[in-house]
2 protein chains.
Amino acid sequence: MARWEPNARQRLERAALALFTEHGYDATTVAEIADRAGLTKSTFFRHFADKREVLFGGQDLLTGLFTEAIRAAPPSATTADCLAAALQAAAAAFTPDRHDLAPQRRAVIAAHSELQERELLKRARLASAMTQALRARGADDTTARLAAEIGVLAFSTAYARWAAPDNLQPFTEIADAALRDLQARATTLGADSGHELLAQPASPK
Amino acid sequence: MARWEPNARQRLERAALALFTEHGYDATTVAEIADRAGLTKSTFFRHFADKREVLFGGQDLLTGLFTEAIRAAPPSATTADCLAAALQAAAAAFTPDRHDLAPQRRAVIAAHSELQERELLKRARLASAMTQALRARGADDTTARLAAEIGVLAFSTAYARWAAPDNLQPFTEIADAALRDLQARATTLGADSGHELLAQPASPK
């Protein structure tokens with residue numbers, strides 16, 4: 001029934017996303033996913049702890065790509081360079097052959113509040129891992145946290161654009177543009193000097 | 001046994017934090033909290049859905065203070081002004097009489113991975129609510145998301161500093177300094193031009 005593919009993990013992933021889309025996430029069982037993929041339940045459990053991990057298992061890979069790229073950036077790299085390197089490295093997880101899975105995954109998550117929470121949490125963990133990696137290079141804690149938030153925001157913006165059904169642009173280009181855009185906006189927000197008017201405790205004028 | 005206090009909610013909160021600190025979060029029951037506060041279980045459940053809400057119930061108040069301050073800022077306020085106004089408004093939740101509860105709360109959460117996840121999630125929701133409020137004022141989506149992340153980061157930095165046991169500075173001053181500091185760093189990160197070196201796909205030089 002299932003089209004043969006060399007990789008059991010990817011067959012299971014495709015089968016799961018198809019079933020989540022057709023019948024809903026809650027109504028889909030692991031047995032049905034394995035069956036649709038032409039594999040056994042025990043094969044499923046060699047690849048995923050549960051059906052939720054089909055949607056979120058890739059985040060560990062992504063965290064690894066991000067943190068390793070930051071670690072491996074040359075000593076002269078600035079914090080912004082490290083973000084750019086991390087986003088470029090993430091492209092390994094967003095190859096053209098995976099493009100058709102992304103809109104399905106996003107739709108399944110958008111339809112389910114518990115999965116949305118899991119997605120938020122994974123992003124918070126990604127930011128936390130990037131913060132650690134930047135601190136390990138000598139960035140102070142506040143700069144590391146700010147840079148990590150900007151990096152995750154660039155990533156999530158880029159992922160949403162890359163995952164759009166009609167997108168043909170590679171992830172690297174989209175991510176690079178998203179990061180530059182955020183850097184420009186960060187400069188504007190940082191330089192925004194109207195701030196004084198409201199930030200001070202009220203005092204007689 | 002419990003010292004009389006005018007406010008049942010605050011008595012329950014103090015009793016719960018004392019018990020979480022003494023016996024651990026998991027080992028503490030609602031009945032014990034009510035008993036320590038000199039109140040009944042049904043009074044507890046009029047104020048909190050469960051014991052976890054004792055730790056996180058304040059976040060709804062905080063989200064309300066943040067979003068209302070952004071909504072109410074004058075039409076001339078910049079996005080950065082709105083962040084400053086939101087942080088100043090949040091000070092209403094961090095009055096000196098609550099200062100001794102904060103280190104306890106932080107210690108309970110730090111000791112428990114499920115509670116840490118809940119804290120991350122609440123911050124992600126706070127960012128999301130601020131994004132909506134900034135968009136409602138006409139900020140574009142990317143600027144609103146970036147500003148909200150900077151606002152939440154300023155808030156969490158300020159909260160940690162305010163909650164330090166030896167801190168005597170009011171929340172407003174700490175939050176204002178934290179936001180200015182982040183704005184300055186955002187400018188530096190944004191202007192960081194080493195970026196080009198790594199962000200472009202490798203090409204022959």
# chains A, B, ... in the order shown; residues from 1 in each chain; ligands from 1

$ interface_residues --of "chain B" --to "chain A" --cutoff "7 Å" --atoms "only C-alpha atoms" --output "MDAnalysis selection string"
chainID B and resid 78 80:81 84:85 88 117 120:121 124 143 149 176 183:187 189:192 194:195 198:199

$ write_last_selection --atoms "N, CA and C atoms" --output "tab-separated table (two decimals), in the first residue's frame"
chain	number	residue	atom	x	y	z
B	78	THR	N	6.07	55.55	20.26
B	78	THR	CA	6.76	54.60	19.38
B	78	THR	C	6.62	53.20	19.96
B	80	ALA	N	9.03	51.34	20.98
B	80	ALA	CA	9.87	51.30	22.19
B	80	ALA	C	9.19	51.97	23.38
B	81	ASP	N	8.47	53.07	23.12
B	81	ASP	CA	7.70	53.72	24.19
B	81	ASP	C	6.67	52.75	24.77
B	84	ALA	N	8.27	50.37	27.12
B	84	ALA	CA	8.58	51.04	28.39
B	84	ALA	C	7.31	51.19	29.23
B	85	ALA	N	6.21	51.58	28.58
B	85	ALA	CA	4.95	51.75	29.30
B	85	ALA	C	4.47	50.43	29.88
B	88	GLN	N	6.51	49.56	32.93
B	88	GLN	CA	6.14	50.41	34.07
B	88	GLN	C	4.81	49.94	34.66
B	117	GLU	N	9.01	24.30	32.54
B	117	GLU	CA	8.34	24.31	31.23
B	117	GLU	C	7.15	25.25	31.24
B	120	LEU	N	8.35	28.79	30.98
B	120	LEU	CA	8.73	29.11	29.60
B	120	LEU	C	7.50	29.38	28.74
B	121	LEU	N	6.50	28.53	28.94
B	121	LEU	CA	5.28	28.64	28.15
B	121	LEU	C	4.55	29.94	28.47
B	124	ALA	N	6.24	32.68	26.72
B	124	ALA	CA	5.93	32.66	25.29
B	124	ALA	C	4.54	33.24	25.04
B	143	THR	N	8.14	43.55	13.31
B	143	THR	CA	8.55	44.49	14.35
B	143	THR	C	7.83	44.18	15.66
B	149	GLU	N	9.52	40.20	22.02
B	149	GLU	CA	10.59	39.37	22.59
B	149	GLU	C	11.53	40.21	23.44
B	176	ASP	N	13.28	49.72	33.83
B	176	ASP	CA	13.67	50.76	32.89
B	176	ASP	C	15.13	50.57	32.47
B	183	GLN	N	17.97	47.66	24.59
B	183	GLN	CA	17.88	48.49	23.37
B	183	GLN	C	19.28	48.81	22.85
B	184	ALA	N	20.20	49.13	23.76
B	184	ALA	CA	21.57	49.45	23.35
B	184	ALA	C	22.22	48.22	22.69
B	185	ARG	N	21.99	47.05	23.29
B	185	ARG	CA	22.59	45.83	22.73
B	185	ARG	C	21.95	45.47	21.39
B	186	ALA	N	20.65	45.73	21.28
B	186	ALA	CA	19.97	45.45	20.00
B	186	ALA	C	20.57	46.30	18.89
B	187	THR	N	20.91	47.54	19.21
B	187	THR	CA	21.53	48.43	18.22
B	187	THR	C	22.87	47.85	17.77
B	189	LEU	N	23.93	44.67	17.98
B	189	LEU	CA	23.72	43.44	17.21
B	189	LEU	C	23.23	43.77	15.81
B	190	GLY	N	22.33	44.74	15.72
B	190	GLY	CA	21.76	45.09	14.43
B	190	GLY	C	22.80	45.67	13.49
B	191	ALA	N	23.74	46.43	14.07
B	191	ALA	CA	24.73	47.12	13.24
B	191	ALA	C	25.94	46.25	12.96
B	192	ASP	N	25.91	45.03	13.51
B	192	ASP	CA	27.07	44.14	13.46
B	192	ASP	C	27.30	43.66	12.03
B	194	GLY	N	29.98	42.28	10.50
B	194	GLY	CA	30.81	41.12	10.17
B	194	GLY	C	29.98	40.05	9.48
B	195	HIS	N	28.69	40.06	9.81
B	195	HIS	CA	27.66	39.20	9.27
B	195	HIS	C	27.89	38.72	7.82
B	198	LEU	N	29.77	35.35	6.84
B	198	LEU	CA	29.25	33.98	7.01
B	198	LEU	C	27.87	33.80	6.41
B	199	ALA	N	27.14	34.87	6.28
B	199	ALA	CA	25.73	34.70	5.93
B	199	ALA	C	25.53	34.33	4.46

$ residues_around --residues "region 46-51 of chain B" --least-positions-apart "2" --cutoff "9 Å" --atoms "only C-alpha atoms" --output "JSON, numbers by chain"
{"B": [8, 9, 12, 16, 25, 28, 29, 30, 33, 41, 42, 43, 44, 53, 54, 55, 57]}

$ write_last_selection --atoms "N, CA and C atoms" --output "PDB file, in the first residue's frame"
ATOM      1  N   ALA B   8      -7.458  36.479  51.665  1.00  0.00           N
ATOM      2  CA  ALA B   8      -7.363  35.020  51.645  1.00  0.00           C
ATOM      3  C   ALA B   8      -6.425  34.529  50.548  1.00  0.00           C
ATOM      4  N   ARG B   9      -6.484  35.178  49.388  1.00  0.00           N
ATOM      5  CA  ARG B   9      -5.641  34.746  48.277  1.00  0.00           C
ATOM      6  C   ARG B   9      -4.161  34.827  48.656  1.00  0.00           C
ATOM      7  N   LEU B  12      -3.195  32.185  51.214  1.00  0.00           N
ATOM      8  CA  LEU B  12      -3.026  30.875  50.566  1.00  0.00           C
ATOM      9  C   LEU B  12      -1.705  30.812  49.805  1.00  0.00           C
ATOM     10  N   ALA B  16       1.223  28.231  50.617  1.00  0.00           N
ATOM     11  CA  ALA B  16       1.649  27.288  49.579  1.00  0.00           C
ATOM     12  C   ALA B  16       3.153  27.395  49.351  1.00  0.00           C
ATOM     13  N   TYR B  25       7.288  20.708  45.977  1.00  0.00           N
ATOM     14  CA  TYR B  25       6.031  20.990  45.285  1.00  0.00           C
ATOM     15  C   TYR B  25       5.153  19.743  45.182  1.00  0.00           C
ATOM     16  N   THR B  28       3.269  18.450  48.394  1.00  0.00           N
ATOM     17  CA  THR B  28       2.320  19.350  49.062  1.00  0.00           C
ATOM     18  C   THR B  28       0.910  19.180  48.480  1.00  0.00           C
ATOM     19  N   THR B  29      -0.087  19.057  49.353  1.00  0.00           N
ATOM     20  CA  THR B  29      -1.472  18.928  48.888  1.00  0.00           C
ATOM     21  C   THR B  29      -2.234  20.234  49.115  1.00  0.00           C
ATOM     22  N   VAL B  30      -3.334  20.374  48.379  1.00  0.00           N
ATOM     23  CA  VAL B  30      -4.199  21.538  48.551  1.00  0.00           C
ATOM     24  C   VAL B  30      -4.742  21.589  49.987  1.00  0.00           C
ATOM     25  N   ILE B  33      -2.205  23.118  52.203  1.00  0.00           N
ATOM     26  CA  ILE B  33      -2.083  24.563  51.965  1.00  0.00           C
ATOM     27  C   ILE B  33      -3.208  25.315  52.687  1.00  0.00           C
ATOM     28  N   LYS B  41     -10.454  23.998  52.108  1.00  0.00           N
ATOM     29  CA  LYS B  41     -10.161  23.622  50.725  1.00  0.00           C
ATOM     30  C   LYS B  41     -11.088  24.354  49.751  1.00  0.00           C
ATOM     31  N   SER B  42     -12.345  24.516  50.152  1.00  0.00           N
ATOM     32  CA  SER B  42     -13.263  25.176  49.204  1.00  0.00           C
ATOM     33  C   SER B  42     -12.893  26.643  49.010  1.00  0.00           C
ATOM     34  N   THR B  43     -12.352  27.273  50.060  1.00  0.00           N
ATOM     35  CA  THR B  43     -11.842  28.647  49.879  1.00  0.00           C
ATOM     36  C   THR B  43     -10.666  28.636  48.900  1.00  0.00           C
ATOM     37  N   PHE B  44      -9.777  27.639  49.080  1.00  0.00           N
ATOM     38  CA  PHE B  44      -8.651  27.525  48.132  1.00  0.00           C
ATOM     39  C   PHE B  44      -9.167  27.503  46.698  1.00  0.00           C
ATOM     40  N   GLU B  53      -1.568  26.744  39.949  1.00  0.00           N
ATOM     41  CA  GLU B  53      -2.010  28.112  39.686  1.00  0.00           C
ATOM     42  C   GLU B  53      -1.557  29.095  40.765  1.00  0.00           C
ATOM     43  N   VAL B  54      -1.213  28.579  41.950  1.00  0.00           N
ATOM     44  CA  VAL B  54      -0.661  29.475  42.972  1.00  0.00           C
ATOM     45  C   VAL B  54       0.625  30.118  42.448  1.00  0.00           C
ATOM     46  N   LEU B  55       1.388  29.337  41.691  1.00  0.00           N
ATOM     47  CA  LEU B  55       2.656  29.840  41.153  1.00  0.00           C
ATOM     48  C   LEU B  55       2.472  30.676  39.894  1.00  0.00           C
ATOM     49  N   GLY B  57      -0.780  31.889  38.541  1.00  0.00           N
ATOM     50  CA  GLY B  57      -2.011  32.669  38.390  1.00  0.00           C
ATOM     51  C   GLY B  57      -1.733  34.149  38.129  1.00  0.00           C
TER      52      GLY B  57
END

$ atom_distance --atom1 "CA of Ala15 (chain B)" --atom2 "CA of Ala37 (chain B)"
5.4 Å

$ residues_around --residues "Trp162 (chain B)" --least-positions-apart "6" --cutoff "8 Å" --atoms "only C-alpha atoms" --output "list in words"
His99, Leu168, Gln169, Pro170, Phe171 and Ile174 of chain B

$ write_last_selection --atoms "N, CA and C atoms" --output "mmCIF file, in the first residue's frame"
data_model
loop_
_atom_site.group_PDB
_atom_site.id
_atom_site.type_symbol
_atom_site.label_atom_id
_atom_site.label_comp_id
_atom_site.auth_asym_id
_atom_site.auth_seq_id
_atom_site.Cartn_x
_atom_site.Cartn_y
_atom_site.Cartn_z
ATOM 1 N N HIS B 99 7.815 41.293 47.781
ATOM 2 C CA HIS B 99 9.208 41.006 47.449
ATOM 3 C C HIS B 99 9.723 39.712 48.069
ATOM 4 N N LEU B 168 16.838 46.184 46.954
ATOM 5 C CA LEU B 168 15.982 47.191 47.574
ATOM 6 C C LEU B 168 15.433 48.181 46.545
ATOM 7 N N GLN B 169 15.876 48.065 45.295
ATOM 8 C CA GLN B 169 15.484 49.012 44.254
ATOM 9 C C GLN B 169 14.068 48.688 43.775
ATOM 10 N N PRO B 170 13.238 49.691 43.493
ATOM 11 C CA PRO B 170 11.884 49.381 43.012
ATOM 12 C C PRO B 170 11.904 48.789 41.598
ATOM 13 N N PHE B 171 10.871 47.999 41.295
ATOM 14 C CA PHE B 171 10.791 47.309 40.006
ATOM 15 C C PHE B 171 10.869 48.283 38.837
ATOM 16 N N ILE B 174 14.442 49.218 37.956
ATOM 17 C CA ILE B 174 15.187 48.062 37.442
ATOM 18 C C ILE B 174 14.731 47.744 36.021
#

$ closest_atom_pairs --of "region 46-101 of chain B" --to "region 133-136 of chain B" --cutoff "7 Å" --atoms "only C-alpha atoms" --output "JSON lines"
{"residue": "B:Thr67", "atom": "CA", "partner": "B:Ala133", "partner_atom": "CA", "distance": 5.7}
{"residue": "B:Ile70", "atom": "CA", "partner": "B:Ala133", "partner_atom": "CA", "distance": 6.3}
{"residue": "B:Arg71", "atom": "CA", "partner": "B:Ala133", "partner_atom": "CA", "distance": 6.4}

$ select_by_dssp --residues "region 66-97 of chain A" --states "helix (DSSP H, G or I)" --output "ChimeraX atom specification"
/A:66-72,79-93,96-97

$ residues_around --residues "Asp26 (chain A)" --least-positions-apart "6" --cutoff "12 Å" --atoms "only C-alpha atoms" --output "ChimeraX atom specification"
/A:16,19-20,51-52,108-109,111-115

$ write_last_selection --atoms "N, CA and C atoms" --output "CSV table (one decimal), in the first residue's frame"
chain,number,residue,atom,x,y,z
A,16,ALA,N,2.3,9.3,9.0
A,16,ALA,CA,1.6,10.0,10.2
A,16,ALA,C,1.0,11.3,9.8
A,19,LEU,N,-2.2,10.8,7.9
A,19,LEU,CA,-3.3,10.4,8.8
A,19,LEU,C,-3.7,11.5,9.7
A,20,PHE,N,-2.8,12.3,10.3
A,20,PHE,CA,-3.2,13.4,11.1
A,20,PHE,C,-4.0,14.4,10.3
A,51,LYS,N,3.5,9.2,19.1
A,51,LYS,CA,3.2,9.9,17.8
A,51,LYS,C,3.5,11.4,17.8
A,52,ARG,N,3.5,12.0,19.0
A,52,ARG,CA,3.9,13.4,19.1
A,52,ARG,C,5.3,13.6,18.6
A,108,VAL,N,-1.3,20.7,11.1
A,108,VAL,CA,-1.7,19.8,12.2
A,108,VAL,C,-1.5,20.5,13.6
A,109,ILE,N,-0.4,21.1,13.7
A,109,ILE,CA,-0.1,21.8,14.9
A,109,ILE,C,-1.0,23.0,15.2
A,111,ALA,N,-4.0,23.3,14.5
A,111,ALA,CA,-5.4,22.8,14.8
A,111,ALA,C,-5.5,22.3,16.2
A,112,HIS,N,-4.4,22.3,17.0
A,112,HIS,CA,-4.4,21.5,18.2
A,112,HIS,C,-3.6,22.3,19.3
A,113,SER,N,-4.4,22.8,20.4
A,113,SER,CA,-3.7,23.7,21.3
A,113,SER,C,-2.6,23.0,22.1
A,114,GLU,N,-2.7,21.8,22.4
A,114,GLU,CA,-1.6,21.1,23.1
A,114,GLU,C,-0.3,21.1,22.3
A,115,LEU,N,-0.5,20.8,21.0
A,115,LEU,CA,0.7,20.8,20.1
A,115,LEU,C,1.3,22.2,19.9

$ atom_distance --atom1 "CA of Ala144 (chain A)" --atom2 "CA of Gln132 (chain A)"
7.6 Å

$ closest_residue --among "B:Phe155, B:Pro96, B:Gln116, B:Gly138" --to "Asn167 (chain B)" --atoms "only C-alpha atoms"
B:Pro96

$ residues_around --residues "Leu62 (chain A)" --least-positions-apart "6" --cutoff "10 Å" --atoms "only C-alpha atoms" --output "ChimeraX atom specification"
/A:68,86-87,89-94,126
